[in-house]
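The next block holds one structure in the form of C-alpha coordinates; read it before the comments.
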Amino acid sequence: MNKRGESEFSLLYVYIPYLVILAAFMILLYFSIGHYLSGAAVSEDYYAKEIVKVINLAEPGDVIELNVHKGTEIALKNKVTAYSDLFRIDNKNKEVCVRFFEQGRTCYSFFNDVFIDNWRLELGIPENVLYFEVKERVKK
Amino acid sequence: MGSYFMYFIFFFLMALIWVGLTAGTYMFFGSEYEFRQIDANILNYKISKCIIENEILWKNNEEFYDKCRINNESILANSLIFRICRNSGDCIVESGDKVLMQVGGNFQSCRFEGVKGNDAFPKCAENKFEKEGDMYWVIAGSNQHKKTRSVQL
(Lines give C-alpha, C1' and ligand atoms only; values in the text may rest on other atoms or scores of the structure.)
Protein backbone atom coordinates (compact mmCIF):
# COMPACT_ATOMS: atom_id res chain seq x y z
CA MET A 1 0.00 0.00 0.00
CA ASN A 2 2.66 2.48 1.01
CA LYS A 3 5.13 1.60 -1.69
CA ARG A 4 4.89 5.01 -3.37
CA GLY A 5 5.27 6.91 -0.09
CA GLU A 6 8.28 4.84 0.90
CA SER A 7 10.02 5.48 -2.42
CA GLU A 8 9.42 9.24 -2.07
CA PHE A 9 10.87 9.12 1.43
CA SER A 10 13.96 7.24 0.30
CA LEU A 11 14.42 9.75 -2.55
CA LEU A 12 14.29 12.61 -0.03
CA TYR A 13 16.77 10.73 2.15
CA VAL A 14 19.21 10.69 -0.77
CA TYR A 15 18.93 14.47 -1.15
CA ILE A 16 19.34 15.35 2.54
CA PRO A 17 23.18 15.54 2.43
CA TYR A 18 22.95 17.86 -0.58
CA LEU A 19 20.49 20.10 1.27
CA VAL A 20 22.76 20.16 4.33
CA ILE A 21 25.77 21.16 2.19
CA LEU A 22 23.69 23.84 0.47
CA ALA A 23 22.45 25.25 3.80
CA ALA A 24 25.99 25.32 5.18
CA PHE A 25 27.14 27.07 2.03
CA MET A 26 24.41 29.72 2.31
CA ILE A 27 25.24 30.39 5.98
CA LEU A 28 28.95 30.63 5.19
CA LEU A 29 28.22 32.99 2.32
CA TYR A 30 26.04 35.21 4.55
CA PHE A 31 28.76 35.51 7.18
CA SER A 32 31.58 36.06 4.72
CA ILE A 33 30.08 38.63 2.32
CA GLY A 34 26.73 39.68 3.79
CA HIS A 35 28.41 42.62 5.51
CA TYR A 36 29.57 43.95 2.14
CA LEU A 37 26.53 43.12 0.03
CA SER A 38 24.15 44.86 2.42
CA GLY A 39 26.11 48.10 2.00
CA ALA A 40 26.78 48.16 5.75
CA ALA A 41 30.58 47.79 5.51
CA VAL A 42 31.01 50.78 3.20
CA SER A 43 28.62 52.95 5.26
CA GLU A 44 30.21 51.97 8.59
CA ASP A 45 33.63 52.86 7.19
CA TYR A 46 32.40 56.21 5.90
CA TYR A 47 30.54 57.21 9.08
CA ALA A 48 33.37 56.16 11.43
CA LYS A 49 35.94 58.20 9.51
CA GLU A 50 33.75 61.28 9.10
CA ILE A 51 32.93 61.30 12.83
CA VAL A 52 36.67 60.96 13.59
CA LYS A 53 37.33 63.94 11.31
CA VAL A 54 34.87 66.06 13.29
CA ILE A 55 36.39 64.96 16.62
CA ASN A 56 39.97 65.60 15.47
CA LEU A 57 39.06 69.16 14.48
CA ALA A 58 36.94 69.87 17.56
CA GLU A 59 37.91 72.07 20.49
CA PRO A 60 36.81 71.69 24.13
CA GLY A 61 33.47 73.39 24.59
CA ASP A 62 32.11 72.34 21.21
CA VAL A 63 28.71 70.66 21.06
CA ILE A 64 28.31 68.52 17.95
CA GLU A 65 25.14 67.29 16.29
CA LEU A 66 25.59 65.11 13.21
CA ASN A 67 22.78 63.93 10.99
CA VAL A 68 23.17 60.13 10.81
CA HIS A 69 19.70 59.36 9.52
CA LYS A 70 20.85 57.52 6.40
CA GLY A 71 23.11 55.30 8.51
CA THR A 72 20.34 54.39 10.91
CA GLU A 73 18.16 53.42 7.94
CA ILE A 74 20.89 51.06 6.71
CA ALA A 75 21.16 49.56 10.21
CA LEU A 76 17.41 49.05 10.40
CA LYS A 77 17.45 47.40 6.97
CA ASN A 78 20.07 45.00 8.33
CA LYS A 79 17.97 44.23 11.43
CA VAL A 80 20.19 46.09 13.91
CA THR A 81 17.54 47.61 16.12
CA ALA A 82 19.58 48.39 19.23
CA TYR A 83 19.98 52.08 18.47
CA SER A 84 22.22 52.64 21.48
CA ASP A 85 24.72 50.25 19.91
CA LEU A 86 24.96 51.85 16.44
CA PHE A 87 27.59 54.41 17.43
CA ARG A 88 30.16 54.05 20.17
CA ILE A 89 32.80 56.56 21.20
CA ASP A 90 35.51 55.00 23.35
CA ASN A 91 37.44 57.70 25.19
CA LYS A 92 39.92 55.23 26.68
CA ASN A 93 41.06 53.77 23.36
CA LYS A 94 40.28 56.97 21.40
CA GLU A 95 38.04 55.12 18.97
CA VAL A 96 34.79 55.65 17.14
CA CYS A 97 32.92 52.44 16.32
CA VAL A 98 29.94 52.13 14.00
CA ARG A 99 27.67 49.11 13.71
CA PHE A 100 25.17 48.80 10.87
CA PHE A 101 25.31 45.00 10.60
CA GLU A 102 24.52 42.27 13.12
CA GLN A 103 27.86 40.49 13.10
CA GLY A 104 30.41 43.28 13.12
CA ARG A 105 31.39 46.87 13.66
CA THR A 106 33.98 49.16 12.08
CA CYS A 107 36.25 51.31 14.23
CA TYR A 108 38.64 54.17 13.55
CA SER A 109 40.89 56.08 15.96
CA PHE A 110 41.16 59.77 16.67
CA PHE A 111 44.25 61.58 17.99
CA ASN A 112 42.70 64.75 19.40
CA ASP A 113 43.29 64.53 23.16
CA VAL A 114 39.80 65.52 24.27
CA PHE A 115 37.05 63.84 26.26
CA ILE A 116 33.82 63.07 24.40
CA ASP A 117 30.96 63.33 26.84
CA ASN A 118 27.19 62.66 26.76
CA TRP A 119 27.31 60.97 23.37
CA ARG A 120 23.97 59.62 22.32
CA LEU A 121 21.73 59.02 19.34
CA GLU A 122 18.73 61.34 19.33
CA LEU A 123 15.85 60.01 17.30
CA GLY A 124 13.44 61.94 15.12
CA ILE A 125 14.29 65.64 15.56
CA PRO A 126 13.09 65.48 12.74
CA GLU A 127 15.84 63.11 11.59
CA ASN A 128 18.20 60.95 13.66
CA VAL A 129 21.14 62.86 15.06
CA LEU A 130 24.34 61.82 16.84
CA TYR A 131 24.93 64.24 19.71
CA PHE A 132 28.11 64.68 21.74
CA GLU A 133 29.96 67.27 23.77
CA VAL A 134 33.70 67.87 23.49
CA LYS A 135 35.41 68.53 26.82
CA GLU A 136 38.91 69.00 28.12
CA ARG A 137 40.53 65.69 29.02
CA VAL A 138 40.91 65.22 32.75
CA LYS A 139 44.56 64.41 33.39
CA LYS A 140 45.40 61.56 35.76
CA MET B 1 30.37 4.54 -3.42
CA GLY B 2 28.99 6.47 -6.40
CA SER B 3 26.74 8.65 -4.23
CA TYR B 4 29.65 9.56 -1.94
CA PHE B 5 31.56 10.70 -4.98
CA MET B 6 28.57 12.84 -6.01
CA TYR B 7 28.53 14.45 -2.55
CA PHE B 8 32.17 15.30 -2.96
CA ILE B 9 31.55 16.79 -6.43
CA PHE B 10 28.66 18.86 -5.05
CA PHE B 11 30.74 20.07 -2.11
CA PHE B 12 33.60 20.94 -4.44
CA LEU B 13 31.27 22.96 -6.70
CA MET B 14 29.80 24.83 -3.74
CA ALA B 15 33.29 25.61 -2.44
CA LEU B 16 34.30 26.85 -5.88
CA ILE B 17 31.25 29.13 -6.07
CA TRP B 18 31.93 30.39 -2.52
CA VAL B 19 35.55 31.23 -3.36
CA GLY B 20 34.47 33.01 -6.56
CA LEU B 21 31.72 35.07 -4.93
CA THR B 22 33.85 36.01 -1.91
CA ALA B 23 36.85 36.99 -4.02
CA GLY B 24 34.65 39.04 -6.37
CA THR B 25 32.93 40.82 -3.49
CA TYR B 26 36.21 41.65 -1.73
CA MET B 27 37.69 42.91 -4.98
CA PHE B 28 34.70 45.16 -5.61
CA PHE B 29 33.89 46.38 -2.08
CA GLY B 30 37.13 45.56 -0.28
CA SER B 31 39.01 48.81 -0.67
CA GLU B 32 38.19 51.17 2.16
CA TYR B 33 37.15 54.82 2.11
CA GLU B 34 40.47 56.59 1.60
CA PHE B 35 40.98 58.78 4.62
CA ARG B 36 44.73 58.76 5.26
CA GLN B 37 45.40 61.99 3.37
CA ILE B 38 42.70 63.79 5.40
CA ASP B 39 44.15 62.30 8.62
CA ALA B 40 47.62 63.58 7.65
CA ASN B 41 46.26 67.03 6.72
CA ILE B 42 44.42 67.39 10.04
CA LEU B 43 47.45 66.26 12.06
CA ASN B 44 49.65 68.71 10.16
CA TYR B 45 47.12 71.50 10.67
CA LYS B 46 46.86 70.83 14.42
CA ILE B 47 50.65 70.80 14.88
CA SER B 48 51.22 73.94 12.78
CA LYS B 49 48.40 75.85 14.50
CA CYS B 50 49.72 74.80 17.90
CA ILE B 51 53.28 75.97 17.14
CA ILE B 52 51.99 79.32 15.87
CA GLU B 53 49.71 79.89 18.87
CA ASN B 54 51.92 78.54 21.68
CA GLU B 55 55.41 79.00 23.00
CA ILE B 56 56.93 75.52 23.05
CA LEU B 57 60.34 75.02 24.64
CA TRP B 58 61.00 71.62 22.96
CA LYS B 59 62.70 70.30 26.07
CA ASN B 60 60.34 67.38 26.54
CA ASN B 61 57.65 65.81 24.44
CA GLU B 62 55.02 65.95 27.19
CA GLU B 63 54.85 69.72 26.92
CA PHE B 64 54.22 69.50 23.19
CA TYR B 65 51.46 66.89 23.53
CA ASP B 66 49.77 68.83 26.34
CA LYS B 67 49.80 72.19 24.59
CA CYS B 68 48.83 70.80 21.19
CA ARG B 69 46.17 68.48 22.66
CA ILE B 70 47.48 65.48 20.73
CA ASN B 71 47.23 61.99 22.21
CA ASN B 72 50.66 60.37 22.14
CA GLU B 73 49.39 56.81 22.56
CA SER B 74 46.91 57.17 19.71
CA ILE B 75 49.65 58.48 17.41
CA LEU B 76 51.92 55.54 18.20
CA ALA B 77 49.20 52.89 18.02
CA ASN B 78 47.69 53.98 14.71
CA SER B 79 50.63 54.33 12.32
CA LEU B 80 50.63 58.11 12.42
CA ILE B 81 53.97 59.85 11.93
CA PHE B 82 55.22 63.42 12.16
CA ARG B 83 58.42 65.42 12.14
CA ILE B 84 58.97 69.07 13.07
CA CYS B 85 62.06 70.95 11.87
CA ARG B 86 63.28 74.50 12.46
CA ASN B 87 65.41 76.41 9.92
CA SER B 88 65.99 73.25 7.95
CA GLY B 89 66.94 73.01 4.27
CA ASP B 90 64.97 69.81 3.83
CA CYS B 91 63.09 68.38 6.79
CA ILE B 92 62.68 64.96 5.16
CA VAL B 93 66.42 64.20 5.23
CA GLU B 94 67.39 66.50 8.10
CA SER B 95 69.07 65.20 11.25
CA GLY B 96 70.51 66.73 14.40
CA ASP B 97 69.40 69.88 16.25
CA LYS B 98 67.21 71.16 13.43
CA VAL B 99 64.76 68.31 14.03
CA LEU B 100 62.73 69.52 17.00
CA MET B 101 60.59 66.43 17.32
CA GLN B 102 59.83 63.23 15.49
CA VAL B 103 57.47 60.30 15.88
CA GLY B 104 57.81 57.35 13.52
CA GLY B 105 60.28 57.03 10.69
CA ASN B 106 60.81 56.51 6.99
CA PHE B 107 59.77 60.02 5.99
CA GLN B 108 61.50 59.55 2.64
CA SER B 109 58.57 57.38 1.55
CA CYS B 110 56.39 60.53 1.66
CA ARG B 111 58.14 61.70 -1.48
CA PHE B 112 58.42 58.44 -3.41
CA GLU B 113 56.43 58.77 -6.61
CA GLY B 114 56.09 55.04 -7.09
CA VAL B 115 54.24 54.36 -3.84
CA LYS B 116 51.38 56.83 -4.19
CA GLY B 117 48.87 54.10 -4.97
CA ASN B 118 50.39 51.66 -2.50
CA ASP B 119 48.38 51.07 0.68
CA ALA B 120 51.44 49.96 2.63
CA PHE B 121 52.97 53.45 2.64
CA PRO B 122 51.64 56.49 4.49
CA LYS B 123 49.96 59.49 2.91
CA CYS B 124 51.73 62.68 3.95
CA ALA B 125 51.14 66.40 4.29
CA GLU B 126 53.85 69.07 4.47
CA ASN B 127 53.61 72.63 5.71
CA LYS B 128 56.16 75.43 6.00
CA PHE B 129 55.61 78.64 7.94
CA GLU B 130 57.53 81.42 9.64
CA LYS B 131 57.31 82.38 13.30
CA GLU B 132 59.45 85.05 14.99
CA GLY B 133 62.09 84.86 12.29
CA ASP B 134 62.35 81.06 12.36
CA MET B 135 61.22 78.84 9.52
CA TYR B 136 59.24 75.81 10.69
CA TRP B 137 58.66 72.75 8.55
CA VAL B 138 56.03 70.20 9.61
CA ILE B 139 55.61 66.80 7.95
CA ALA B 140 52.72 64.59 9.06
CA GLY B 141 51.69 61.23 7.68
CA SER B 142 49.04 58.62 8.25
CA ASN B 143 48.82 54.95 7.44
CA GLN B 144 45.86 54.23 9.67
CA HIS B 145 43.33 51.72 8.39
CA LYS B 146 39.87 50.84 9.65
CA LYS B 147 39.53 48.08 12.23
CA THR B 148 36.77 45.52 11.86
CA ARG B 149 35.51 43.91 15.06
CA SER B 150 33.11 41.03 15.43
CA VAL B 151 30.09 41.39 17.68
CA GLN B 152 29.09 38.67 20.12
CA LEU B 153 25.36 38.07 19.70
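Residues in the C-alpha coordinates are named by chain (A, B, ... in the order shown) and by number from 1 within that chain; ligands are numbered from 1 in the order shown.
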Find the residues of chain A that sit at most 8 Å from chain B; for each, write down the nearest two atoms and how far apart they are in Å, to one decimal. Count only C-alpha atoms. Sort by chain, then by number going up, and give it as CSV.
residue,atom,partner,partner_atom,distance
A:Pro17,CA,B:Tyr7,CA,7.4
A:Tyr18,CA,B:Tyr7,CA,6.8
A:Ile21,CA,B:Phe11,CA,6.7
A:Leu22,CA,B:Met14,CA,7.5
A:Phe25,CA,B:Met14,CA,6.7
A:Leu29,CA,B:Trp18,CA,6.6
A:Ser32,CA,B:Thr22,CA,7.0
A:Ile33,CA,B:Thr22,CA,6.2
A:Tyr36,CA,B:Phe29,CA,6.5
A:Leu37,CA,B:Thr25,CA,7.7
A:Val42,CA,B:Glu32,CA,7.3
A:Asp45,CA,B:Tyr33,CA,6.5
A:Tyr46,CA,B:Tyr33,CA,6.2
A:Lys49,CA,B:Phe35,CA,7.0
A:Lys53,CA,B:Asp39,CA,7.5
A:Asn56,CA,B:Ile42,CA,7.2
A:Leu57,CA,B:Ile42,CA,7.2
A:Asn93,CA,B:Ser74,CA,7.7
A:Lys94,CA,B:Ser74,CA,6.8
A:Glu102,CA,B:Val151,CA,7.2
A:Gln103,CA,B:Val151,CA,5.2
A:Gly104,CA,B:Ser150,CA,4.2
A:Arg105,CA,B:Arg149,CA,5.3
A:Thr106,CA,B:Thr148,CA,4.6
A:Cys107,CA,B:Lys147,CA,5.0
A:Tyr108,CA,B:Lys146,CA,5.3
A:Ser109,CA,B:Ser74,CA,7.2
A:Phe110,CA,B:Ser74,CA,7.0
A:Phe111,CA,B:Asn71,CA,5.2
A:Asn112,CA,B:Ile70,CA,5.0
A:Asp113,CA,B:Asn71,CA,4.8
A:Val114,CA,B:Arg69,CA,7.2
Convert the current residue selection to file output with N, CA, C and O atoms, as a short mmCIF file (atom, residue, chain, number, x, y, z; two decimals), in the first residue's frame.
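Saved the output as again29.cif:
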data_model
loop_
_atom_site.label_atom_id
_atom_site.label_comp_id
_atom_site.auth_asym_id
_atom_site.auth_seq_id
_atom_site.Cartn_x
_atom_site.Cartn_y
_atom_site.Cartn_z
N PRO A 17 21.79 15.03 2.35
CA PRO A 17 23.18 15.54 2.43
C PRO A 17 23.42 16.74 1.52
O PRO A 17 24.12 17.68 1.90
N TYR A 18 22.80 16.72 0.33
CA TYR A 18 22.95 17.86 -0.58
C TYR A 18 22.36 19.13 0.03
O TYR A 18 22.93 20.21 -0.05
N ILE A 21 24.60 20.45 2.77
CA ILE A 21 25.77 21.16 2.19
C ILE A 21 25.34 22.53 1.67
O ILE A 21 26.01 23.53 1.89
N LEU A 22 24.19 22.58 1.02
CA LEU A 22 23.69 23.84 0.47
C LEU A 22 23.39 24.85 1.58
O LEU A 22 23.74 26.03 1.48
N PHE A 25 26.54 26.14 3.01
CA PHE A 25 27.14 27.07 2.03
C PHE A 25 26.47 28.44 2.12
O PHE A 25 27.15 29.48 2.12
N LEU A 29 28.23 31.86 3.25
CA LEU A 29 28.22 32.99 2.32
C LEU A 29 27.67 34.25 3.01
O LEU A 29 28.21 35.34 2.83
N SER A 32 30.35 35.56 5.35
CA SER A 32 31.58 36.06 4.72
C SER A 32 31.36 37.32 3.88
O SER A 32 32.21 38.20 3.88
N ILE A 33 30.25 37.44 3.18
CA ILE A 33 30.08 38.63 2.32
C ILE A 33 28.80 39.43 2.57
O ILE A 33 28.60 40.46 1.94
N TYR A 36 29.26 43.10 3.29
CA TYR A 36 29.57 43.95 2.14
C TYR A 36 28.36 44.15 1.24
O TYR A 36 28.07 45.26 0.80
N LEU A 37 27.65 43.05 0.97
CA LEU A 37 26.53 43.12 0.03
C LEU A 37 25.38 43.98 0.55
O LEU A 37 24.65 44.59 -0.24
N VAL A 42 30.59 49.51 3.81
CA VAL A 42 31.01 50.78 3.20
C VAL A 42 30.48 51.96 4.03
O VAL A 42 31.21 52.91 4.31
N ASP A 45 32.31 52.29 7.45
CA ASP A 45 33.63 52.86 7.19
C ASP A 45 33.53 54.38 7.02
O ASP A 45 34.26 55.16 7.64
N TYR A 46 32.59 54.80 6.19
CA TYR A 46 32.40 56.21 5.90
C TYR A 46 32.01 57.00 7.15
O TYR A 46 32.61 58.03 7.47
N LYS A 49 34.87 57.27 9.87
CA LYS A 49 35.94 58.20 9.51
C LYS A 49 35.47 59.66 9.52
O LYS A 49 36.21 60.54 9.93
N LYS A 53 36.89 62.65 11.86
CA LYS A 53 37.33 63.94 11.31
C LYS A 53 36.78 65.10 12.15
O LYS A 53 37.51 66.02 12.50
N ASN A 56 38.58 65.12 15.57
CA ASN A 56 39.97 65.60 15.47
C ASN A 56 40.05 67.12 15.31
O ASN A 56 41.01 67.73 15.75
N LEU A 57 39.04 67.71 14.70
CA LEU A 57 39.06 69.16 14.48
C LEU A 57 38.31 69.93 15.58
O LEU A 57 38.27 71.16 15.55
N ASN A 93 40.26 54.20 24.51
CA ASN A 93 41.06 53.77 23.36
C ASN A 93 41.04 54.77 22.21
O ASN A 93 41.59 54.50 21.15
N LYS A 94 40.38 55.91 22.41
CA LYS A 94 40.28 56.97 21.40
C LYS A 94 39.76 56.41 20.07
O LYS A 94 40.40 56.52 19.03
N GLU A 102 24.62 43.07 11.89
CA GLU A 102 24.52 42.27 13.12
C GLU A 102 25.87 41.74 13.60
O GLU A 102 26.16 41.77 14.79
N GLN A 103 26.69 41.25 12.68
CA GLN A 103 27.86 40.49 13.10
C GLN A 103 29.14 41.30 13.32
O GLN A 103 30.15 40.74 13.71
N GLY A 104 29.14 42.57 12.97
CA GLY A 104 30.41 43.28 13.12
C GLY A 104 30.28 44.77 13.23
O GLY A 104 29.21 45.34 12.98
N ARG A 105 31.37 45.40 13.63
CA ARG A 105 31.39 46.87 13.66
C ARG A 105 32.75 47.34 13.14
O ARG A 105 33.73 46.61 13.16
N THR A 106 32.76 48.58 12.63
CA THR A 106 33.98 49.16 12.08
C THR A 106 34.43 50.30 12.98
O THR A 106 33.63 51.15 13.35
N CYS A 107 35.72 50.30 13.31
CA CYS A 107 36.25 51.31 14.23
C CYS A 107 37.38 52.09 13.57
O CYS A 107 38.09 51.57 12.70
N TYR A 108 37.56 53.32 14.03
CA TYR A 108 38.64 54.17 13.55
C TYR A 108 39.08 55.06 14.71
O TYR A 108 38.24 55.48 15.52
N SER A 109 40.36 55.36 14.79
CA SER A 109 40.89 56.08 15.96
C SER A 109 41.07 57.56 15.70
O SER A 109 41.39 57.97 14.59
N PHE A 110 40.89 58.34 16.75
CA PHE A 110 41.16 59.77 16.67
C PHE A 110 42.36 60.12 17.55
O PHE A 110 42.68 59.38 18.48
N PHE A 111 43.03 61.22 17.24
CA PHE A 111 44.25 61.58 17.99
C PHE A 111 44.09 62.87 18.79
O PHE A 111 44.98 63.26 19.53
N ASN A 112 42.95 63.53 18.64
CA ASN A 112 42.70 64.75 19.40
C ASN A 112 42.50 64.36 20.87
O ASN A 112 41.65 63.53 21.18
N ASP A 113 43.31 64.96 21.76
CA ASP A 113 43.29 64.53 23.16
C ASP A 113 42.18 65.27 23.93
O ASP A 113 42.45 66.11 24.78
N VAL A 114 40.96 64.92 23.61
CA VAL A 114 39.80 65.52 24.27
C VAL A 114 38.93 64.40 24.85
O VAL A 114 39.13 63.23 24.53
#
Give me, as a PDB file with N, CA, C and O atoms, in the first residue's frame, all polymer residues having an atom no more than 9 Å from Glu136 (chain A), counting only C-alpha atoms and skipping those fewer than 5 positions away in the same chain.
ATOM      1  N   GLU A  59      37.245  71.430  19.348  1.00  0.00           N
ATOM      2  CA  GLU A  59      37.910  72.071  20.487  1.00  0.00           C
ATOM      3  C   GLU A  59      37.040  71.854  21.726  1.00  0.00           C
ATOM      4  O   GLU A  59      35.808  71.761  21.599  1.00  0.00           O
ATOM      5  N   PRO A  60      37.646  71.817  22.919  1.00  0.00           N
ATOM      6  CA  PRO A  60      36.811  71.691  24.131  1.00  0.00           C
ATOM      7  C   PRO A  60      35.768  72.804  24.202  1.00  0.00           C
ATOM      8  O   PRO A  60      36.074  73.969  23.915  1.00  0.00           O
ATOM      9  N   GLY A  61      34.574  72.433  24.540  1.00  0.00           N
ATOM     10  CA  GLY A  61      33.465  73.392  24.587  1.00  0.00           C
ATOM     11  C   GLY A  61      32.525  73.233  23.403  1.00  0.00           C
ATOM     12  O   GLY A  61      31.393  73.724  23.443  1.00  0.00           O
ATOM     13  N   ASP A 113      43.310  64.958  21.762  1.00  0.00           N
ATOM     14  CA  ASP A 113      43.285  64.535  23.161  1.00  0.00           C
ATOM     15  C   ASP A 113      42.181  65.266  23.929  1.00  0.00           C
ATOM     16  O   ASP A 113      42.445  66.108  24.783  1.00  0.00           O
ATOM     17  N   VAL A 114      40.961  64.921  23.612  1.00  0.00           N
ATOM     18  CA  VAL A 114      39.804  65.522  24.273  1.00  0.00           C
ATOM     19  C   VAL A 114      38.927  64.397  24.849  1.00  0.00           C
ATOM     20  O   VAL A 114      39.128  63.230  24.534  1.00  0.00           O
ATOM     21  N   PHE A 115      37.974  64.806  25.681  1.00  0.00           N
ATOM     22  CA  PHE A 115      37.050  63.838  26.259  1.00  0.00           C
ATOM     23  C   PHE A 115      35.674  64.036  25.618  1.00  0.00           C
ATOM     24  O   PHE A 115      35.143  65.150  25.638  1.00  0.00           O
ATOM     25  N   ILE A 116      35.140  62.983  25.046  1.00  0.00           N
ATOM     26  CA  ILE A 116      33.819  63.066  24.399  1.00  0.00           C
ATOM     27  C   ILE A 116      32.776  62.627  25.417  1.00  0.00           C
ATOM     28  O   ILE A 116      32.772  61.484  25.859  1.00  0.00           O
TER      29      ILE A 116
END
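Among the candidate residues B:Lys123, B:Gly89, B:Val115, B:Glu132, the one lying nearest to Glu53 (chain B) is B:Glu132, with distances computed using only C-alpha atoms.
Relative to CA of Lys49 (chain B), CA of Glu113 (chain B) is found at 28.3 Å.
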As a ChimeraX atom specification, please: the residues near Asn118 (chain A) (cut-off 10 Å, only C-alpha atoms, same-chain neighbours under 2 positions excluded). /A:63,89,115-116,120-121,131-134
Two-atom distance - CA of Gly34 (chain A), CA of Ile16 (chain A) (Å): 25.5 Å
I'd like to know which residues of region 23-136 of chain B are helix (DSSP H, G or I) (by DSSP, run on the backbone); could you write them as a PyMOL selection string? chain B and resi 23-29+36-53+61-68+72-77+96-98+107-110+113-115
Determine which residues of chain A DSSP labels as strand (DSSP E) from the backbone of this structure, then write them out as a PyMOL selection string. chain A and resi 63-67+87-90+95-101+104-109+114-122+129-136
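The neighbours of Phe87 (chain A) here are the residues that come within 7 Å of it, using only C-alpha atoms and leaving out any residue fewer than 3 positions away in the same chain; they are A:Ser84, A:Cys97, A:Val98, A:Arg99.
The space between CA of Ile9 (chain B) and CA of His35 (chain A) spans 28.6 Å.
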Using only C-alpha atoms, tabulate the residues of region 86-113 of chain B lying at most 9 Å from any atom of region 136-142 of chain B, each with its closest atom pair and that distance in Å to one decimal, by chain and increasing residue number, as CSV.
residue,atom,partner,partner_atom,distance
B:Arg86,CA,B:Tyr136,CA,4.6
B:Asn87,CA,B:Tyr136,CA,6.2
B:Ser88,CA,B:Trp137,CA,7.4
B:Asp90,CA,B:Trp137,CA,8.4
B:Cys91,CA,B:Trp137,CA,6.5
B:Ile92,CA,B:Ile139,CA,7.8
B:Phe107,CA,B:Ile139,CA,8.2
B:Cys110,CA,B:Gly141,CA,7.7
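The protein and nucleic acid residues lying at most 10 Å from region 55-60 of chain B are Lys67, Cys68, Leu100 and Met101 of chain B, with only C-alpha atoms considered and sequence neighbours fewer than 6 positions away removed.
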Could you pull the residues within 8 Å of Ala40 (chain A), counting only C-alpha atoms, minus those fewer than 6 positions along the same chain, as a ChimeraX atom specification? /A:74-75,78,100-101
